[in-house]
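A short write-up of the structure that comes next.
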Amino acid sequence: MGQNGRLDDLLLLEKARNKKMKYSKIKLQMLREKNFEYDSKRIKSAEDIVKTINQYEELEKATQENVLLICLDTKNKIICYSEIAKGGLDSCYIDITTIFKTALLCNSNKFILIHNHPSGTAKASQQDIRITKRIKDMAEIMDMQLLDHIIIGENDFISCM
């Protein structure tokens, strides 16, 4: 090879320098999957949100952890809800950026998280407490509010906050 190999490398390097970079123009949109009718009263408590969500989801019967995000308007009425994570028997990875991206796409600055424990026990784990604090802190930075993080068990629920 000798000098020809080095010359080939220099030609490739020169081509790379002259190549123009590309970028994409994108547009983010929210896709409305379904519409649900509900009593449009303001959400005032964890009980209100659990009753409303139980009309459409059966989290207390789920065999794996599911995390829902409920986005509210400025009057605490539900704008939308979305399943943001699905896990295993005793854990679920929550991508925090998905929470904020979804809330922002819904034009919401208030939200509630709700998830189930397939074991049937409505008790906050140390992991639940840590992630709730982290999300709450990040929400404050973004001038948003995490109003509650509700854990649903077999026959009851608790607030993680």
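Ordering of the structure tokens sets the chain letters (A, B, ...); residue numbers start at 1 within each chain; ligands are numbered from 1 in the order shown.
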Compile the contact shell of Cys92 of chain A as a PyMOL selection string: residues with an atom at most 12 Å away, counting only C-alpha atoms, same-chain residues fewer than 6 positions apart removed.
chain A and resi 64-68+84-86+115-118+127-128+131
Saved selection, atoms kept: N, CA and C atoms, as a tab-separated table (two decimals), in the first residue's frame:
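After the write, selection-v1.tsv holds the following:
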chain	number	residue	atom	x	y	z
A	64	GLN	N	-49.66	-6.67	35.16
A	64	GLN	CA	-48.35	-6.03	35.07
A	64	GLN	C	-48.53	-4.55	35.38
A	65	GLU	N	-47.44	-3.90	35.79
A	65	GLU	CA	-47.54	-2.49	36.14
A	65	GLU	C	-47.82	-1.65	34.91
A	66	ASN	N	-48.76	-0.72	35.05
A	66	ASN	CA	-49.11	0.24	34.01
A	66	ASN	C	-49.07	1.62	34.62
A	67	VAL	N	-48.52	2.56	33.89
A	67	VAL	CA	-48.46	3.94	34.37
A	67	VAL	C	-49.25	4.82	33.41
A	68	LEU	N	-50.20	5.56	33.97
A	68	LEU	CA	-51.01	6.49	33.18
A	68	LEU	C	-50.67	7.92	33.57
A	84	ILE	N	-48.26	5.78	29.60
A	84	ILE	CA	-46.89	6.18	29.27
A	84	ILE	C	-45.87	5.10	29.53
A	85	ALA	N	-46.28	4.04	30.25
A	85	ALA	CA	-45.33	2.95	30.50
A	85	ALA	C	-46.09	1.68	30.86
A	86	LYS	N	-45.49	0.57	30.49
A	86	LYS	CA	-46.02	-0.75	30.83
A	86	LYS	C	-44.81	-1.57	31.27
A	115	HIS	N	-50.55	4.66	38.81
A	115	HIS	CA	-50.09	3.34	38.39
A	115	HIS	C	-50.58	2.28	39.38
A	116	ASN	N	-50.53	1.06	38.93
A	116	ASN	CA	-51.02	-0.05	39.73
A	116	ASN	C	-49.87	-0.88	40.27
A	117	HIS	N	-50.15	-1.62	41.32
A	117	HIS	CA	-49.25	-2.65	41.83
A	117	HIS	C	-49.96	-3.99	41.64
A	118	PRO	N	-49.48	-4.81	40.70
A	118	PRO	CA	-50.13	-6.11	40.45
A	118	PRO	C	-50.21	-7.01	41.67
A	127	GLN	N	-38.69	3.19	45.43
A	127	GLN	CA	-38.56	3.60	44.03
A	127	GLN	C	-39.69	4.55	43.63
A	128	ASP	N	-40.92	4.25	44.06
A	128	ASP	CA	-42.07	5.12	43.78
A	128	ASP	C	-41.84	6.51	44.38
A	131	ILE	N	-38.94	8.41	42.35
A	131	ILE	CA	-39.32	8.88	41.01
A	131	ILE	C	-40.34	10.01	41.12
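Separating atom CA of Met142 of chain A from atom CA of Lys110 of chain A is a distance of 10.9 Å.
You can rank A:Asp8, A:Ile152, A:Ile43, A:Ser119 by their closest distance to Glu57 of chain A using only C-alpha atoms, and at the top of that list sits A:Ile152.
Note that the spacing between atom CA of Ile141 of chain A and atom CA of Ile70 of chain A amounts to 19.4 Å.
If you look at atom CA of Ser45 of chain A and atom CA of Thr121 of chain A, they are 20.4 Å away from each other.
Proximity of A:Ala62, A:Cys71, A:Ile114, A:Cys160 to Gly88 of chain A, computed with only C-alpha atoms, is greatest for A:Ala62.
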